[in-house]
2 protein chains.
Amino acid sequence: MRVWLLDNGSIVIEHTQLMWNVPGPQARIPVYSVLVEHDDGLFLFDTGIDLDHMNRVLPFELPEQTEEQTIPAQLALCGFSLGDVTAVVNSHLHIDHVGGNQLFKGTGVRHVIHEREVAQARNHEPFEFFGYSDKSWDYEGANIETFSGDTELAPRIRLIETPGHTIGHCSVLLEGDRPLLFAMDVSYTASALERGIQPGFHYDPVAGVRAIARVKEVAAESGAEILYSHDMDAWNGYTRAPGHYEV
Amino acid sequence: MRVWLLDNGSIVIEHTQLMWNVPGPQARIPVYSVLVEHDDGLFLFDTGIDLDHMNRVLPFELPEQTEEQTIPAQLALCGFSLGDVTAVVNSHLHIDHVGGNQLFKGTGVRHVIHEREVAQARNHEPFEFFGYSDKSWDYEGANIETFSGDTELAPRIRLIETPGHTIGHCSVLLEGDRPLLFAMDVSYTASALERGIQPGFHYDPVAGVRAIARVKEVAAESGAEILYSHDMDAWNGYTRAPGHYEV
């Protein structure tokens with residue numbers, strides 16, 4: 001299968017958010033989505049930030065997103081449009097992973113989300129306010145399809161439960177000759193995962209410890225390369241759309 | 001009953017530890033213990049920092065503790081010595097609440113600690129390393145007496161389960177004409193409790209939300225004044241040993 005990384009811009013966060021309780025300088029981190037062309041359809045994992053929402057509710061994160069970094073422009077880079085997407089899958093429902101969901105309104109696209117994540121985002125803890133502040137994924141008529149447990153979305157595409165950062169957080173394993181494991185927000189960076197450090201925003205840090213171990217186990221068992229969601233150094237080395245990975 | 005606040009010095013922490021995910025300047029915070037003279041005995045709640053441990057393992061917290069701020073010196077200010085203490089009760093087993101426990105070695109004093117806290121401190125999560133790094137409370141021959149559930153330690157002295165910061169964290173309510181509620185580390189400061197913000201170090205933030213609500217409820221029901229564990233402004237207004245509160 002063919003895999004593109006879609007650049008959705010960047011935001012600035014505190015170092016203690018990048019690495020829980022570890023002081024350091026603020027960091028500008030990338031936000032991106034993953035597009036997978038598969039025999040069963042075209043799958044989009046996460047949808048980046050909605051710049052308007054960010055500027056309105058979290059301007060202190062200094063969001064940056066050019067027109068070229070929006071989902072439609074990034075899809076076009078790969079030769080697709082919104083209507084070509086079979087399913088939009090969210091690793092979780094935080095602001096920087098759902099911003100483009102609303103663009104699919106009217107397409108009837110399947111929105112695949114963990115059932116506990118949907119419930120939590122609709123009725124969250126007070127400390128989750130900023131993370132779940134963008135509710136636009138829950139648009140009228142959204143065709144939301146929930147799942148629970150590790151799930152085979154399609155042959156060689158596995159959703160792996162890795163809760164902790166959020167209650168329904170999932171990582172994504174793409175199996176093949178060159179397997180890729182998108183850890184998503186289990187740890188934001190390679191260094192954080194290596195050191196066993198989870199993000200400063202989390203729902204259940206004890207589960208988060210298990211999720212870090214799970215990502216390492218799955219990578220070891222599958223031989224997959226781990227890709228990090230918010231690691232600027234790693235991101236600068238990744239092949240981005242229109243370039244692609246052949247898995 | 002008569003209540004003294006025993007000054008045990010101070011440490012410096014990140015603002016995101018004082019208030020989870022809220023950036024701001026580092027803060028020097030007080031560390032103190034609470035001595036209660038009661039018909040059933042002399043009770044000591046928490047025992048501050050062990051300066052040697054802090055300097056060895058957490059020097060970056062810039063610990064300060066003069067000889068006058070040690071437990072023996074503070075007890076002497078109130079007219080007591082180590083041997084007069086009936087029971088030492090720890091709200092939880094973090095470094096800044098257990099440092100003086102070891103001083104009671106050989107006295108046979110009862111060490112009263114929540115059963116889940118004892119188990120956790122002996123076998124903690126990796127992210128709890130610094131918090132539980134001082135193991136000296138678990139000295140050979142320590143007469144550890146565990147409890148579980150809200151517990152009446154003695155008439156008018158109630159231990160109230162408020163987990164979240166740690167798994168077995170408890171607050172202390174002293175009932176009387178002038179009731180006092182020691183929130184301990186549910187929230188470090190009056191402002192944090194008011195805003196519903198828990199400390200950056202925690203075991204279960206969802207439980208922490210409930211603990212904040214519980215402290216507010218207990219204070220409202222009992223009419224107790226809430227005292228904060230690490231609020232420098234509040235601390236500067238408290239009566240400290242040798243002065244005392246009459247509850």
# chains A, B, ... in the order shown; residues from 1 in each chain; ligands from 1

call {"tool": "closest_atom_pairs", "arguments": {"of": "chain B", "to": "chain A", "cutoff": "10 Å", "atoms": "only C-alpha atoms", "output": "JSON lines"}}
result
{"residue": "B:Glu14", "atom": "CA", "partner": "A:Pro23", "partner_atom": "CA", "distance": 7.5}
{"residue": "B:His15", "atom": "CA", "partner": "A:Pro23", "partner_atom": "CA", "distance": 9.8}
{"residue": "B:Thr16", "atom": "CA", "partner": "A:Asn21", "partner_atom": "CA", "distance": 7.2}
{"residue": "B:Gln17", "atom": "CA", "partner": "A:Asn21", "partner_atom": "CA", "distance": 6.9}
{"residue": "B:Trp20", "atom": "CA", "partner": "A:Gly200", "partner_atom": "CA", "distance": 8.2}
{"residue": "B:Asn21", "atom": "CA", "partner": "A:Gly200", "partner_atom": "CA", "distance": 6.7}
{"residue": "B:Val22", "atom": "CA", "partner": "A:Glu14", "partner_atom": "CA", "distance": 9.3}
{"residue": "B:Pro23", "atom": "CA", "partner": "A:Glu14", "partner_atom": "CA", "distance": 7.6}
{"residue": "B:Glu125", "atom": "CA", "partner": "A:Val206", "partner_atom": "CA", "distance": 7.2}
{"residue": "B:Pro126", "atom": "CA", "partner": "A:Val209", "partner_atom": "CA", "distance": 8.0}
{"residue": "B:Phe127", "atom": "CA", "partner": "A:Ile197", "partner_atom": "CA", "distance": 7.8}
{"residue": "B:Gly196", "atom": "CA", "partner": "A:Pro126", "partner_atom": "CA", "distance": 8.2}
{"residue": "B:Ile197", "atom": "CA", "partner": "A:Phe127", "partner_atom": "CA", "distance": 7.8}
{"residue": "B:Gln198", "atom": "CA", "partner": "A:Phe127", "partner_atom": "CA", "distance": 9.1}
{"residue": "B:Gly200", "atom": "CA", "partner": "A:Asn21", "partner_atom": "CA", "distance": 6.7}
{"residue": "B:Phe201", "atom": "CA", "partner": "A:Asn21", "partner_atom": "CA", "distance": 7.3}
{"residue": "B:His202", "atom": "CA", "partner": "A:Pro205", "partner_atom": "CA", "distance": 8.3}
{"residue": "B:Tyr203", "atom": "CA", "partner": "A:Pro205", "partner_atom": "CA", "distance": 6.7}
{"residue": "B:Asp204", "atom": "CA", "partner": "A:Asp204", "partner_atom": "CA", "distance": 6.0}
{"residue": "B:Pro205", "atom": "CA", "partner": "A:Tyr203", "partner_atom": "CA", "distance": 6.7}
{"residue": "B:Val206", "atom": "CA", "partner": "A:Tyr203", "partner_atom": "CA", "distance": 7.0}
{"residue": "B:Ala207", "atom": "CA", "partner": "A:Asp204", "partner_atom": "CA", "distance": 9.8}
{"residue": "B:Val209", "atom": "CA", "partner": "A:Glu125", "partner_atom": "CA", "distance": 7.9}

call {"tool": "select_by_dssp", "arguments": {"residues": "region 26-246 of chain A", "states": "strand (DSSP E)", "output": "VMD selection string"}}
result
chain A and resid 27 to 38 41 to 45 87 to 89 110 to 114 143 to 147 151 to 154 157 to 161 170 to 174 180 to 184 225 to 228 245 to 246

call {"tool": "residues_around", "arguments": {"residues": "region 32-39 of chain B", "least_positions_apart": "4", "cutoff": "6 Å", "atoms": "only C-alpha atoms", "output": "tab-separated table (two decimals) with N, CA, C and O atoms, in the first residue's frame"}}
result
chain	number	residue	atom	x	y	z
B	1	MET	N	-8.76	20.43	70.98
B	1	MET	CA	-7.37	19.95	70.84
B	1	MET	C	-6.48	21.10	70.37
B	1	MET	O	-6.95	22.06	69.79
B	2	ARG	N	-5.20	20.94	70.62
B	2	ARG	CA	-4.23	21.99	70.30
B	2	ARG	C	-3.42	21.55	69.07
B	2	ARG	O	-3.03	20.39	68.98
B	3	VAL	N	-3.25	22.49	68.15
B	3	VAL	CA	-2.63	22.14	66.86
B	3	VAL	C	-1.48	23.11	66.55
B	3	VAL	O	-1.68	24.34	66.57
B	4	TRP	N	-0.33	22.54	66.26
B	4	TRP	CA	0.82	23.35	65.87
B	4	TRP	C	1.23	23.03	64.43
B	4	TRP	O	1.20	21.87	64.03
B	5	LEU	N	1.63	24.04	63.71
B	5	LEU	CA	2.20	23.82	62.38
B	5	LEU	C	3.72	23.91	62.52
B	5	LEU	O	4.26	24.93	62.99
B	6	LEU	N	4.40	22.83	62.12
B	6	LEU	CA	5.85	22.75	62.28
B	6	LEU	C	6.55	23.04	60.95
B	6	LEU	O	6.42	22.29	59.99
B	7	ASP	N	7.29	24.10	60.93
B	7	ASP	CA	8.03	24.52	59.73
B	7	ASP	C	9.16	23.53	59.45
B	7	ASP	O	10.00	23.28	60.30
B	8	ASN	N	9.16	22.96	58.23
B	8	ASN	CA	10.22	22.03	57.86
B	8	ASN	C	11.09	22.53	56.70
B	8	ASN	O	11.78	21.74	56.06
B	43	PHE	N	-0.31	13.38	68.08
B	43	PHE	CA	-0.28	12.89	66.69
B	43	PHE	C	0.51	13.85	65.82
B	43	PHE	O	0.30	15.07	65.87
B	44	LEU	N	1.37	13.27	64.99
B	44	LEU	CA	2.15	14.08	64.06
B	44	LEU	C	1.76	13.69	62.63
B	44	LEU	O	1.86	12.52	62.25
B	45	PHE	N	1.29	14.67	61.87
B	45	PHE	CA	0.90	14.43	60.48
B	45	PHE	C	2.00	14.94	59.56
B	45	PHE	O	2.28	16.14	59.53
B	46	ASP	N	2.60	14.02	58.83
B	46	ASP	CA	3.71	14.30	57.91
B	46	ASP	C	4.96	14.74	58.67
B	46	ASP	O	4.87	15.14	59.84
B	47	THR	N	6.10	14.62	57.99
B	47	THR	CA	7.37	14.88	58.67
B	47	THR	C	8.37	15.65	57.80
B	47	THR	O	9.57	15.63	58.06
B	48	GLY	N	7.85	16.32	56.75
B	48	GLY	CA	8.73	17.21	55.98
B	48	GLY	C	9.79	16.50	55.15
B	48	GLY	O	9.66	15.31	54.84

call {"tool": "residues_around", "arguments": {"residues": "Leu51 (chain A)", "least_positions_apart": "3", "cutoff": "7 Å", "atoms": "only C-alpha atoms", "output": "list of chain:residue names"}}
result
A:Met54, A:Asn55, A:Pro63, A:Gln65

call {"tool": "write_last_selection", "arguments": {"atoms": "N, CA, C and O atoms", "output": "PDB file, in the first residue's frame"}}
result
ATOM      1  N   MET A  54      -8.028  27.175  16.401  1.00  0.00           N
ATOM      2  CA  MET A  54      -6.794  27.396  17.161  1.00  0.00           C
ATOM      3  C   MET A  54      -6.609  28.885  17.476  1.00  0.00           C
ATOM      4  O   MET A  54      -6.283  29.249  18.615  1.00  0.00           O
ATOM      5  N   ASN A  55      -6.821  29.724  16.466  1.00  0.00           N
ATOM      6  CA  ASN A  55      -6.645  31.161  16.683  1.00  0.00           C
ATOM      7  C   ASN A  55      -7.673  31.726  17.654  1.00  0.00           C
ATOM      8  O   ASN A  55      -7.396  32.681  18.374  1.00  0.00           O
ATOM      9  N   PRO A  63      -0.470  28.881  16.355  1.00  0.00           N
ATOM     10  CA  PRO A  63      -0.674  27.935  15.254  1.00  0.00           C
ATOM     11  C   PRO A  63      -0.257  28.532  13.916  1.00  0.00           C
ATOM     12  O   PRO A  63      -0.468  29.719  13.655  1.00  0.00           O
ATOM     13  N   GLN A  65      -0.563  27.465   9.765  1.00  0.00           N
ATOM     14  CA  GLN A  65      -1.073  26.543   8.738  1.00  0.00           C
ATOM     15  C   GLN A  65      -1.349  27.367   7.482  1.00  0.00           C
ATOM     16  O   GLN A  65      -2.246  28.216   7.481  1.00  0.00           O
TER      17      GLN A  65
END

call {"tool": "select_by_dssp", "arguments": {"residues": "region 66-163 of chain B", "states": "helix (DSSP H, G or I)", "output": "PyMOL selection string"}}
result
chain B and resi 67-69+71-77+82-84+95-98+101-104+115-122+126-128+136-138

call {"tool": "atom_distance", "arguments": {"atom1": "CA of Asp233 (chain B)", "atom2": "CA of Ile13 (chain A)"}}
result
29.0 Å

call {"tool": "residues_around", "arguments": {"residues": "Val218 (chain B)", "least_positions_apart": "2", "cutoff": "12 Å", "atoms": "only C-alpha atoms", "output": "MDAnalysis selection string"}}
result
chainID B and resid 158:162 171:175 179:183 211:216 220:226

call {"tool": "atom_distance", "arguments": {"atom1": "CA of Val118 (chain A)", "atom2": "CA of Arg210 (chain B)"}}
result
21.9 Å

call {"tool": "atom_distance", "arguments": {"atom1": "CA of Ser10 (chain B)", "atom2": "CA of Val89 (chain B)"}}
result
20.3 Å

call {"tool": "closest_residue", "arguments": {"among": "A:Glu117, A:Thr239, A:Tyr228, A:Val88", "to": "Glu194 (chain A)", "atoms": "only C-alpha atoms"}}
result
A:Tyr228

call {"tool": "decode", "arguments": {"residues": "region 35-58 of chain A", "atoms": "N, CA and C atoms", "output": "PDB file, in the first residue's frame"}}
result
ATOM      1  N   LEU A  35      -2.245   9.466   4.943  1.00  0.00           N
ATOM      2  CA  LEU A  35      -3.166   8.999   3.904  1.00  0.00           C
ATOM      3  C   LEU A  35      -2.682   7.648   3.392  1.00  0.00           C
ATOM      4  N   VAL A  36      -3.590   6.681   3.337  1.00  0.00           N
ATOM      5  CA  VAL A  36      -3.220   5.319   2.936  1.00  0.00           C
ATOM      6  C   VAL A  36      -4.105   4.857   1.778  1.00  0.00           C
ATOM      7  N   GLU A  37      -3.458   4.559   0.672  1.00  0.00           N
ATOM      8  CA  GLU A  37      -4.184   4.002  -0.483  1.00  0.00           C
ATOM      9  C   GLU A  37      -4.090   2.477  -0.402  1.00  0.00           C
ATOM     10  N   HIS A  38      -5.237   1.841  -0.326  1.00  0.00           N
ATOM     11  CA  HIS A  38      -5.320   0.410  -0.026  1.00  0.00           C
ATOM     12  C   HIS A  38      -6.349  -0.199  -0.973  1.00  0.00           C
ATOM     13  N   ASP A  39      -6.277  -1.497  -1.191  1.00  0.00           N
ATOM     14  CA  ASP A  39      -7.245  -2.156  -2.072  1.00  0.00           C
ATOM     15  C   ASP A  39      -8.690  -1.902  -1.624  1.00  0.00           C
ATOM     16  N   ASP A  40      -8.877  -1.741  -0.318  1.00  0.00           N
ATOM     17  CA  ASP A  40     -10.235  -1.538   0.205  1.00  0.00           C
ATOM     18  C   ASP A  40     -10.678  -0.083   0.205  1.00  0.00           C
ATOM     19  N   GLY A  41      -9.809   0.805  -0.188  1.00  0.00           N
ATOM     20  CA  GLY A  41     -10.212   2.206  -0.228  1.00  0.00           C
ATOM     21  C   GLY A  41      -9.088   3.148   0.170  1.00  0.00           C
ATOM     22  N   LEU A  42      -9.459   4.411   0.291  1.00  0.00           N
ATOM     23  CA  LEU A  42      -8.486   5.447   0.643  1.00  0.00           C
ATOM     24  C   LEU A  42      -8.779   5.871   2.089  1.00  0.00           C
ATOM     25  N   PHE A  43      -7.811   5.657   2.968  1.00  0.00           N
ATOM     26  CA  PHE A  43      -8.006   5.904   4.399  1.00  0.00           C
ATOM     27  C   PHE A  43      -7.181   7.112   4.851  1.00  0.00           C
ATOM     28  N   LEU A  44      -7.827   7.984   5.602  1.00  0.00           N
ATOM     29  CA  LEU A  44      -7.129   9.156   6.140  1.00  0.00           C
ATOM     30  C   LEU A  44      -7.100   9.047   7.660  1.00  0.00           C
ATOM     31  N   PHE A  45      -5.896   9.067   8.222  1.00  0.00           N
ATOM     32  CA  PHE A  45      -5.727   8.984   9.666  1.00  0.00           C
ATOM     33  C   PHE A  45      -5.409  10.372  10.216  1.00  0.00           C
ATOM     34  N   ASP A  46      -6.311  10.876  11.022  1.00  0.00           N
ATOM     35  CA  ASP A  46      -6.210  12.213  11.621  1.00  0.00           C
ATOM     36  C   ASP A  46      -6.335  13.305  10.544  1.00  0.00           C
ATOM     37  N   THR A  47      -6.662  14.512  11.040  1.00  0.00           N
ATOM     38  CA  THR A  47      -6.936  15.585  10.076  1.00  0.00           C
ATOM     39  C   THR A  47      -6.353  16.929  10.502  1.00  0.00           C
ATOM     40  N   GLY A  48      -5.365  16.907  11.396  1.00  0.00           N
ATOM     41  CA  GLY A  48      -4.665  18.143  11.731  1.00  0.00           C
ATOM     42  C   GLY A  48      -5.487  19.164  12.508  1.00  0.00           C
ATOM     43  N   ILE A  49      -5.033  20.408  12.448  1.00  0.00           N
ATOM     44  CA  ILE A  49      -5.700  21.494  13.178  1.00  0.00           C
ATOM     45  C   ILE A  49      -6.674  22.252  12.268  1.00  0.00           C
ATOM     46  N   ASP A  50      -7.671  22.852  12.924  1.00  0.00           N
ATOM     47  CA  ASP A  50      -8.495  23.861  12.252  1.00  0.00           C
ATOM     48  C   ASP A  50      -7.937  25.214  12.689  1.00  0.00           C
ATOM     49  N   LEU A  51      -7.356  25.946  11.760  1.00  0.00           N
ATOM     50  CA  LEU A  51      -6.642  27.173  12.112  1.00  0.00           C
ATOM     51  C   LEU A  51      -7.555  28.188  12.796  1.00  0.00           C
ATOM     52  N   ASP A  52      -8.789  28.294  12.329  1.00  0.00           N
ATOM     53  CA  ASP A  52      -9.725  29.243  12.945  1.00  0.00           C
ATOM     54  C   ASP A  52      -9.969  28.898  14.414  1.00  0.00           C
ATOM     55  N   HIS A  53     -10.196  27.614  14.669  1.00  0.00           N
ATOM     56  CA  HIS A  53     -10.411  27.188  16.064  1.00  0.00           C
ATOM     57  C   HIS A  53      -9.185  27.499  16.918  1.00  0.00           C
ATOM     58  N   MET A  54      -8.028  27.175  16.401  1.00  0.00           N
ATOM     59  CA  MET A  54      -6.794  27.396  17.161  1.00  0.00           C
ATOM     60  C   MET A  54      -6.609  28.885  17.476  1.00  0.00           C
ATOM     61  N   ASN A  55      -6.821  29.724  16.466  1.00  0.00           N
ATOM     62  CA  ASN A  55      -6.645  31.161  16.683  1.00  0.00           C
ATOM     63  C   ASN A  55      -7.673  31.726  17.654  1.00  0.00           C
ATOM     64  N   ARG A  56      -8.828  31.104  17.689  1.00  0.00           N
ATOM     65  CA  ARG A  56      -9.900  31.594  18.557  1.00  0.00           C
ATOM     66  C   ARG A  56      -9.729  31.108  19.998  1.00  0.00           C
ATOM     67  N   VAL A  57      -9.394  29.814  20.162  1.00  0.00           N
ATOM     68  CA  VAL A  57      -9.416  29.202  21.497  1.00  0.00           C
ATOM     69  C   VAL A  57      -8.009  28.994  22.089  1.00  0.00           C
ATOM     70  N   LEU A  58      -7.033  28.733  21.229  1.00  0.00           N
ATOM     71  CA  LEU A  58      -5.673  28.485  21.734  1.00  0.00           C
ATOM     72  C   LEU A  58      -4.640  29.330  20.980  1.00  0.00           C
TER      73      LEU A  58
END
